[in-house]
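What follows is coords08.json (JSON, C-alpha atoms).
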```
[["chain", "number", "residue", "atom", "x", "y", "z"],
["A", 1, "GLY", "CA", -73.05, -6.26, -191.29],
["A", 2, "ASP", "CA", -72.90, -10.03, -190.66],
["A", 3, "PRO", "CA", -71.01, -11.66, -193.59],
["A", 4, "GLN", "CA", -73.13, -14.84, -193.34],
["A", 5, "LYS", "CA", -76.38, -12.85, -193.43],
["A", 6, "PHE", "CA", -75.11, -10.82, -196.39],
["A", 7, "ALA", "CA", -74.06, -13.98, -198.26],
["A", 8, "MET", "CA", -77.44, -15.63, -197.60],
["A", 9, "ARG", "CA", -79.29, -12.53, -198.75],
["A", 10, "SER", "CA", -77.25, -12.47, -201.97],
["A", 11, "VAL", "CA", -78.03, -16.16, -202.62],
["A", 12, "VAL", "CA", -81.76, -15.63, -202.02],
["A", 13, "SER", "CA", -81.73, -12.54, -204.25],
["A", 14, "GLY", "CA", -79.99, -14.49, -207.03],
["A", 15, "PHE", "CA", -82.51, -17.33, -206.69],
["A", 16, "GLY", "CA", -85.35, -14.81, -206.93],
["A", 17, "SER", "CA", -83.87, -13.40, -210.15],
["A", 18, "CYS", "CA", -83.69, -16.92, -211.62],
["A", 19, "LEU", "CA", -87.34, -17.55, -210.74],
["A", 20, "ARG", "CA", -88.40, -14.27, -212.36],
["A", 21, "GLU", "CA", -86.51, -15.04, -215.58],
["A", 22, "THR", "CA", -87.90, -18.60, -215.64],
["A", 23, "GLY", "CA", -91.41, -17.24, -215.24],
["A", 24, "ILE", "CA", -90.90, -14.82, -218.13],
["A", 25, "ALA", "CA", -89.58, -17.65, -220.34],
["A", 26, "LEU", "CA", -92.58, -19.88, -219.50],
["A", 27, "ASP", "CA", -94.99, -17.03, -220.17],
["A", 28, "ARG", "CA", -93.46, -16.48, -223.61],
["A", 29, "MET", "CA", -93.61, -20.20, -224.41],
["A", 30, "GLY", "CA", -97.29, -20.34, -223.47],
["A", 31, "SER", "CA", -97.99, -17.25, -225.58],
["A", 32, "ARG", "CA", -96.40, -18.93, -228.61],
["A", 33, "PHE", "CA", -98.64, -22.00, -228.19],
["A", 34, "GLN", "CA", -101.63, -19.63, -228.16],
["A", 35, "PHE", "CA", -100.33, -17.80, -231.27],
["A", 36, "ASP", "CA", -100.01, -14.62, -229.23],
["A", 37, "PHE", "CA", -96.79, -12.84, -230.21],
["A", 38, "SER", "CA", -97.41, -9.52, -228.49],
["A", 39, "PHE", "CA", -94.49, -10.27, -226.13],
["A", 40, "GLN", "CA", -92.12, -9.62, -229.05],
["A", 41, "GLU", "CA", -93.01, -5.93, -229.04],
["A", 42, "LYS", "CA", -90.17, -3.63, -227.98],
["A", 43, "LEU", "CA", -91.23, -2.70, -224.47],
["A", 44, "SER", "CA", -89.00, -1.24, -221.76],
["A", 45, "ARG", "CA", -88.29, -3.56, -218.81],
["A", 46, "HIS", "CA", -86.89, -0.68, -216.77],
["A", 47, "ARG", "CA", -87.79, -0.80, -213.09],
["A", 48, "PRO", "CA", -87.53, 2.54, -211.29],
["A", 49, "VAL", "CA", -86.72, 1.09, -207.84],
["A", 50, "TYR", "CA", -83.82, -1.33, -207.27],
["A", 51, "ASN", "CA", -82.24, -2.92, -204.25],
["A", 52, "LEU", "CA", -78.43, -3.03, -204.14],
["A", 53, "ASP", "CA", -76.42, -5.53, -202.07],
["A", 54, "GLY", "CA", -79.46, -6.19, -199.91],
["A", 55, "LYS", "CA", -80.19, -2.49, -199.35],
["A", 56, "ILE", "CA", -83.76, -1.70, -200.38],
["A", 57, "PRO", "CA", -85.08, 1.86, -200.94],
["A", 58, "THR", "CA", -87.64, 3.00, -198.36],
["A", 59, "ILE", "CA", -90.40, 4.99, -200.02],
["A", 60, "GLN", "CA", -93.13, 6.53, -197.87],
["A", 61, "PRO", "CA", -96.79, 6.80, -198.95],
["A", 62, "HIS", "CA", -98.00, 9.52, -201.30],
["A", 63, "THR", "CA", -94.68, 9.82, -203.12],
["A", 64, "PHE", "CA", -94.19, 9.89, -206.89],
["A", 65, "VAL", "CA", -91.39, 7.94, -208.56],
["A", 66, "SER", "CA", -91.63, 8.22, -212.34],
["A", 67, "SER", "CA", -91.44, 5.17, -214.59],
["A", 68, "THR", "CA", -88.17, 6.34, -216.20],
["A", 69, "SER", "CA", -86.35, 7.43, -213.04],
["A", 70, "THR", "CA", -83.96, 5.27, -211.01],
["A", 71, "VAL", "CA", -83.91, 4.95, -207.22],
["A", 72, "VAL", "CA", -81.31, 2.44, -206.10],
["A", 73, "GLY", "CA", -79.76, 1.26, -202.85],
["A", 74, "ASP", "CA", -80.03, 2.68, -199.33],
["A", 75, "VAL", "CA", -82.43, 5.52, -200.18],
["A", 76, "SER", "CA", -85.09, 6.94, -197.88],
["A", 77, "LEU", "CA", -87.76, 9.02, -199.63],
["A", 78, "GLY", "CA", -90.18, 11.00, -197.46],
["A", 79, "SER", "CA", -93.93, 11.40, -197.86],
["A", 80, "LYS", "CA", -95.23, 13.60, -200.71],
["A", 81, "SER", "CA", -91.77, 13.79, -202.29],
["A", 82, "SER", "CA", -91.15, 13.07, -205.96],
["A", 83, "VAL", "CA", -88.47, 11.79, -208.35],
["A", 84, "TRP", "CA", -89.26, 12.95, -211.88],
["A", 85, "TYR", "CA", -88.52, 11.57, -215.33],
["A", 86, "SER", "CA", -84.94, 10.38, -215.99],
["A", 87, "ALA", "CA", -83.80, 11.51, -212.53],
["A", 88, "VAL", "CA", -81.41, 9.24, -210.61],
["A", 89, "VAL", "CA", -81.06, 8.79, -206.85],
["A", 90, "ARG", "CA", -78.10, 6.49, -206.08],
["A", 91, "ALA", "CA", -77.03, 5.23, -202.67],
["A", 92, "ASP", "CA", -74.23, 2.83, -203.54],
["A", 93, "THR", "CA", -72.23, 2.67, -200.32],
["A", 94, "ALA", "CA", -73.71, 5.44, -198.17],
["A", 95, "LYS", "CA", -77.29, 6.45, -197.43],
["A", 96, "VAL", "CA", -79.34, 9.08, -199.25],
["A", 97, "SER", "CA", -82.06, 10.51, -197.01],
["A", 98, "ILE", "CA", -84.69, 12.79, -198.58],
["A", 99, "GLY", "CA", -87.31, 14.52, -196.44],
["A", 100, "GLU", "CA", -90.98, 15.23, -197.03],
["A", 101, "ASN", "CA", -92.38, 17.25, -199.95],
["A", 102, "THR", "CA", -88.98, 17.39, -201.65],
["A", 103, "HIS", "CA", -88.84, 17.26, -205.45],
["A", 104, "ILE", "CA", -86.04, 15.86, -207.61],
["A", 105, "GLN", "CA", -86.85, 17.24, -211.04],
["A", 106, "ASP", "CA", -86.29, 15.76, -214.50],
["A", 107, "GLY", "CA", -82.77, 14.52, -215.24],
["A", 108, "ALA", "CA", -81.31, 15.48, -211.86],
["A", 109, "VAL", "CA", -78.77, 13.19, -210.17],
["A", 110, "VAL", "CA", -78.42, 12.70, -206.41],
["A", 111, "LYS", "CA", -75.71, 10.28, -205.36],
["A", 112, "SER", "CA", -73.91, 8.91, -202.35],
["A", 113, "VAL", "CA", -71.09, 6.68, -203.61],
["A", 114, "SER", "CA", -68.29, 6.88, -201.02],
["A", 115, "ASP", "CA", -68.37, 5.03, -197.70],
["A", 116, "THR", "CA", -65.64, 7.32, -196.31],
["A", 117, "LEU", "CA", -67.92, 10.41, -196.34],
["A", 118, "ASN", "CA", -71.10, 11.33, -194.50],
["A", 119, "ASN", "CA", -74.46, 10.29, -195.86],
["A", 120, "THR", "CA", -76.33, 12.53, -198.27],
["A", 121, "MET", "CA", -78.99, 14.34, -196.26],
["A", 122, "ILE", "CA", -81.63, 16.41, -198.06],
["A", 123, "GLY", "CA", -84.28, 18.09, -195.93],
["A", 124, "SER", "CA", -87.98, 18.71, -196.46],
["A", 125, "ASN", "CA", -89.56, 21.14, -198.95],
["A", 126, "VAL", "CA", -86.38, 21.15, -201.05],
["A", 127, "LEU", "CA", -86.33, 21.65, -204.82],
["A", 128, "ILE", "CA", -83.57, 20.03, -206.90],
["A", 129, "GLY", "CA", -83.87, 21.56, -210.37],
["A", 130, "GLN", "CA", -83.75, 19.88, -213.77],
["A", 131, "GLY", "CA", -80.36, 18.42, -214.65],
["A", 132, "ALA", "CA", -78.75, 19.37, -211.33],
["A", 133, "VAL", "CA", -76.05, 17.10, -209.88],
["A", 134, "VAL", "CA", -75.91, 16.67, -206.11],
["A", 135, "ASN", "CA", -72.82, 14.83, -204.86],
["A", 136, "GLN", "CA", -72.84, 13.41, -201.31],
["A", 137, "CYS", "CA", -73.65, 16.52, -199.29],
["A", 138, "THR", "CA", -76.13, 18.07, -196.84],
["A", 139, "ILE", "CA", -79.02, 20.31, -197.92],
["A", 140, "GLY", "CA", -81.27, 21.99, -195.34],
["A", 141, "ASP", "CA", -85.05, 22.41, -195.32],
["A", 142, "SER", "CA", -86.68, 24.67, -197.93],
["A", 143, "ALA", "CA", -83.44, 25.07, -199.91],
["A", 144, "CYS", "CA", -83.29, 25.23, -203.70],
["A", 145, "VAL", "CA", -80.67, 23.90, -206.11],
["A", 146, "GLY", "CA", -81.25, 25.47, -209.50],
["A", 147, "SER", "CA", -81.43, 23.69, -212.84],
["A", 148, "GLY", "CA", -78.06, 22.49, -214.08],
["A", 149, "ALA", "CA", -76.26, 23.41, -210.85],
["A", 150, "ILE", "CA", -73.56, 21.13, -209.42],
["A", 151, "VAL", "CA", -73.08, 20.61, -205.69],
["A", 152, "GLY", "CA", -69.58, 19.39, -204.87],
["A", 153, "THR", "CA", -68.89, 16.44, -202.58],
["A", 154, "GLY", "CA", -68.87, 17.22, -198.86],
["A", 155, "SER", "CA", -70.65, 20.56, -199.26],
["A", 156, "SER", "CA", -73.41, 21.95, -197.07],
["A", 157, "ILE", "CA", -76.32, 24.14, -198.17],
["A", 158, "GLY", "CA", -78.31, 25.74, -195.36],
["A", 159, "SER", "CA", -82.04, 26.05, -194.84],
["A", 160, "HIS", "CA", -83.83, 28.47, -197.21],
["A", 161, "ALA", "CA", -80.58, 28.90, -199.16],
["A", 162, "ARG", "CA", -80.52, 29.03, -202.96],
["A", 163, "LEU", "CA", -77.88, 27.82, -205.38],
["A", 164, "GLU", "CA", -78.78, 29.47, -208.67],
["A", 165, "ALA", "CA", -79.17, 27.69, -212.01],
["A", 166, "GLY", "CA", -75.89, 26.63, -213.59],
["A", 167, "ALA", "CA", -73.82, 27.39, -210.49],
["A", 168, "ILE", "CA", -70.92, 25.14, -209.53],
["A", 169, "LEU", "CA", -70.36, 24.79, -205.80],
["A", 170, "PRO", "CA", -66.84, 23.45, -205.13],
["A", 171, "PRO", "CA", -66.35, 20.42, -202.84],
["A", 172, "ASN", "CA", -66.49, 21.04, -199.07],
["A", 173, "SER", "CA", -68.14, 24.46, -199.48],
["A", 174, "THR", "CA", -70.69, 25.88, -197.06],
["A", 175, "VAL", "CA", -73.67, 28.00, -198.09],
["A", 176, "PRO", "CA", -75.14, 29.51, -194.88],
["A", 177, "ASP", "CA", -78.87, 29.64, -194.18],
["A", 178, "SER", "CA", -80.92, 32.07, -196.27],
["A", 179, "GLN", "CA", -78.19, 33.08, -198.71],
["A", 180, "VAL", "CA", -78.18, 33.12, -202.52],
["A", 181, "TRP", "CA", -75.04, 31.85, -204.24],
["A", 182, "ALA", "CA", -74.33, 31.85, -207.98],
["A", 183, "GLY", "CA", -71.55, 31.55, -210.54],
["A", 184, "SER", "CA", -68.67, 29.21, -211.26],
["A", 185, "PRO", "CA", -67.24, 28.76, -208.74],
["A", 186, "ALA", "CA", -70.34, 29.72, -206.77],
["A", 187, "LYS", "CA", -70.04, 32.75, -204.47],
["A", 188, "TYR", "CA", -72.30, 34.76, -202.19],
["A", 189, "VAL", "CA", -74.61, 37.14, -204.10],
["A", 190, "ARG", "CA", -77.18, 38.35, -201.56],
["A", 191, "ASP", "CA", -79.48, 37.26, -198.77],
["A", 192, "VAL", "CA", -82.72, 35.45, -199.53],
["A", 193, "SER", "CA", -85.65, 37.86, -199.53],
["A", 194, "GLU", "CA", -89.15, 37.25, -198.25],
["A", 195, "GLU", "CA", -90.27, 37.26, -201.89],
["A", 196, "ASP", "CA", -87.80, 34.44, -202.60],
["A", 197, "LYS", "CA", -89.22, 32.42, -199.72],
["A", 198, "ALA", "CA", -92.78, 32.98, -200.89],
["A", 199, "ALA", "CA", -91.86, 31.92, -204.45],
["A", 200, "ALA", "CA", -90.11, 28.79, -203.16],
["A", 201, "ALA", "CA", -93.14, 27.88, -201.06],
["A", 202, "SER", "CA", -95.41, 28.18, -204.10],
["A", 203, "GLU", "CA", -93.06, 25.99, -206.17],
["A", 204, "ALA", "CA", -93.09, 23.31, -203.46]]
```
Could you quickly redo this structure as structure tokens?
Amino acid sequence: GDPQKFAMRSVVSGFGSCLRETGIALDRMGSRFQFDFSFQEKLSRHRPVYNLDGKIPTIQPHTFVSSTSTVVGDVSLGSKSSVWYSAVVRADTAKVSIGENTHIQDGAVVKSVSDTLNNTMIGSNVLIGQGAVVNQCTIGDSACVGSGAIVGTGSSIGSHARLEAGAILPPNSTVPDSQVWAGSPAKYVRDVSEEDKAAAASEA
């Protein structure tokens, strides 16, 4: 990008932060004069959506981003998708693109932190299970990453494929469409059945 534009955006962002903090300080001072000390209660100031170096997450209508999750940087979140409690979606130096009706469950981590690799691309109707870790990879439509599974950097998971709970997929691995992989390291187990597809559709 243009260095001057980036520098100006950083200055404006810093000025905005100063204004916000000044406003909070003035609000607290006014509350003291009114003998209202409720501001001293221990409340979380966590914001679930953050910009990073001028890159602002793009969140489509009808999505759910929980109050304790974190979505930061160059993230695109499709309509009817969700990021559940304590989940993290990080796009530090490369983009994270998430399709429609895709669900990042509690405590899962999706990250794109290297500018030397491709963006993280997650399709539509995908389920990322609780506590799963997805490192800069590609996941096709209607795929499922089970709870606690780890997807290695540079990997590819095909459409309708399933990585079972607790599996560890090594970096630069490829799971073809409609296959089930499991284990550590993850290996082919069987093809996805019609029953699997029906169950995945009901979960989505």
Can you work out which one of A:Thr22, A:Thr102, A:Asn51, A:Ser173 has the shortest atom-to-atom distance to Asn125 of chain A, counting all atoms listed in the file? A:Thr102
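Atom pair atom CA of Ala25 of chain A / atom CA of Ser13 of chain A: separated by 18.6 Å.
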Excluding Ser81 of chain A and residues on its chain fewer than 6 positions from it, collect all residues at most 12 Å away from it, counting all atoms listed in the file, and give them as a PyMOL selection string. chain A and resi 59-66+97-105+122-128+204
For Ala94 of chain A: contacts at 9 Å, all atoms listed in the file, fewer than 2 positions along chain excluded, given as number ranges by chain: A: 73-75, 91-92, 96, 111-120, 136
So, with only C-alpha atoms as the atoms that count, which of A:Asp106, A:Glu194, A:Glu164, A:Asp53 lies closest to Arg9 of chain A? A:Asp53
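Residue nearest Asp191 of chain A within the list A:Pro57, A:Gly14, A:Pro176, A:Gly107: A:Pro176 [criterion: smallest interatomic distance, only C-alpha atoms].
With distances restricted to only C-alpha atoms, A:Gly54 is the closest residue to Val12 of chain A from A:Ala143, A:Ser79, A:Gly54, A:Gln179.
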Report, in Å with one decimal, the straight-line distance from atom CA of Ser184 of chain A to atom CA of Arg90 of chain A. 25.1 Å
Suppose you want the space between atom CA of Ala182 of chain A and atom CA of Ala198 of chain A; what is it in Å? 19.8 Å
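The residue that comes closest to Ala200 of chain A, out of A:Pro3, A:Pro170, A:Gly146, A:Pro185 and on the basis of all atoms listed in the file, is A:Gly146.
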Using only C-alpha atoms, find the one residue out of A:Asn135, A:Val110, A:Asp177, A:Val88 that sits nearest to Gly152 of chain A. A:Asn135
Residues within 8 Å of (-84.6, 1.2, -209.4), file coordinates, counting all atoms listed in the file: what are they? Give the list as a PyMOL selection string. chain A and resi 46-51+69-72
